[in-house]
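Written below as structure tokens is the structure these notes are about.
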Amino acid sequence: MNSTTTIVSILLAGILTSNMVLSKFLGICPFLGVSKKVNTALSMSIAVTLVMVISTAVTWPIYHYLLVGGLEYLETIVFILVIAAIVQFIETVLKKFMPPIYKALGIYLPLITTNCAVLGITMLNITNELDFIKSLVNALAAGLGFMLAMLLFSGVRSKLETADVPEFLKGLPITLIAAAIVSLSFLGFAGIGG
């Protein structure tokens, strides 16, 4: 398989077939918590995608050039610390240079530190033995897949607001049912990509 085909395969898999939220069930907290409004879901998704790519760009060399050779057991703690530092840095930059975006993200920006999808993609890149470029593409695809899931689900939730839902299903129960149906819809993409 040539490199272009591999890159396209990684992109399709990350966005559709191996979607972090709908297939791997990582990042469920922001998926359920931040998907009420499309603009909030989009802002959160852009921030998560940015953090995923930057975290991959930083953690991949740290793992391969510092941890390999006896310190692999520190992977999780080192990656968590790196992700927390990156999120803090992005938060500071946004606060200073882009206050409207900083205000729009509000409390959700620091919560990216605890988003398991970010940690998950950095660790999956190592587990799947992807090289640096493929890891970056995989992180971008995971972020775009996260964005797709968030935007689709925020659209579904906006329709649920005006739907005639039985009283016993209102709130979290109908949200979880809708999330399950959206997740099932992605099974149709099985076999596409890697």
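Identifiers in the structure tokens: chain A, B, ... in order shown; residue index from 1 per chain; ligand index from 1 in order shown.
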
Surrounding residues of Phe25 in chain A excluding itself and chain neighbours under 2 positions, 12 Å, only C-alpha atoms, as a VMD selection string: chain A and resid 18 to 23 27 to 32 115 to 117 120 146 149 179 to 180 183

Q.
Set the distance at 10 Å and use only C-alpha atoms: which residues neighbour Ala178 in chain A once local chain neighbours fewer than 5 positions away are removed? I'd like the list as a list in words.
A. Phe153, Val156, Arg157, Leu160, Leu172, Pro173, Ser183 and Leu184 of chain A

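CA of Gly69 in chain A is positioned 15.5 Å from CA of Glu129 in chain A.
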
If we count only C-alpha atoms and set the cut-off at 10 Å, which residues sit around Leu111 in chain A, ignoring sequence neighbours fewer than 2 positions away in its own chain? Please answer as a ChimeraX atom specification.
/A:29-30,44,48,84,87,105-109,113-115

Given the selection you just returned, output its residues as a file containing C-alpha atoms, formatted as a CSV table (one decimal), in the first residue's frame.
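For reference, selection-v2.csv as written:
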```
chain,number,residue,atom,x,y,z
A,29,CYS,CA,-18.3,13.0,28.8
A,30,PRO,CA,-17.9,16.0,26.5
A,44,MET,CA,-15.0,22.2,21.9
A,48,VAL,CA,-9.9,18.9,21.2
A,84,ALA,CA,-2.2,19.0,30.9
A,87,VAL,CA,-4.0,22.5,27.5
A,105,LEU,CA,-15.0,27.6,25.6
A,106,GLY,CA,-15.3,28.7,29.2
A,107,ILE,CA,-14.9,25.8,31.6
A,108,TYR,CA,-14.7,23.3,28.8
A,109,LEU,CA,-11.2,24.2,27.8
A,113,THR,CA,-7.1,17.7,30.1
A,114,THR,CA,-9.4,15.0,31.5
A,115,ASN,CA,-10.8,14.0,28.1
```

*Mind the document's chain letters and residue numbers, and return as a PyMOL selection string the residues of range 55-181 of chain A that DSSP labels alpha helix (DSSP H).*
chain A and resi 55-62+75-97+99-105+108-111+116-127+132-162+172-181

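For the choices A:Asp131, A:Leu140, A:Tyr102, A:Ile126, the atom-to-atom distance to Leu67 in chain A is smallest for A:Ile126 when using only C-alpha atoms.
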
The residue from A:Leu130, A:Ile112, A:Leu66, A:Ile7 with the smallest atom-to-atom distance to Gln88 in chain A, counting only C-alpha atoms, is A:Ile112

**Prompt:** Quick one, how far is CA of Thr17 in chain A from CA of Gly145 in chain A?
**Reply:**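 Those two atoms sit 9.2 Å apart.
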
Select, from A:Leu151, A:Ile177, A:Val182, A:Val118, the residue with the minimum atom-to-atom distance to Val34 in chain A, counting only C-alpha atoms.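 Counting only C-alpha atoms, the residue closest to Val34 in chain A is A:Leu151.
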
Min atom-atom distance to Met147 in chain A from the set A:Ser55, A:Thr6, A:Thr40, A:Asn128, counting only C-alpha atoms, belongs to A:Thr40

- Task: Name the residues in contact with Thr76 in chain A at a cut-off of 10 Å, using only C-alpha atoms, excluding same-chain residues fewer than 6 positions from it; report them as a count of residues only.
- Result: 5

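Restricting the calculation to only C-alpha atoms, the smallest distance between Leu136 in chain A and any of A:Leu176, A:Ile90, A:Ala47, A:Ile54 is found for A:Ile54.
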
Here CA of Gly14 in chain A and CA of Val137 in chain A stand apart by 8.9 Å

Looking at A:Leu152, A:Ala141, A:Leu187, A:Ile101, which one is nearest to Ile15 in chain A, with distances taken over only C-alpha atoms?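 Result for the nearest residue to Ile15 in chain A: A:Ala141.
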
| said: Set the distance at 10 Å and use only C-alpha atoms: which residues neighbour Lys170 in chain A once local chain neighbours fewer than 6 positions away are removed? I'd like the list as a list in words. | reply: Leu160, Glu161, Ala163 and Asp164 of chain A
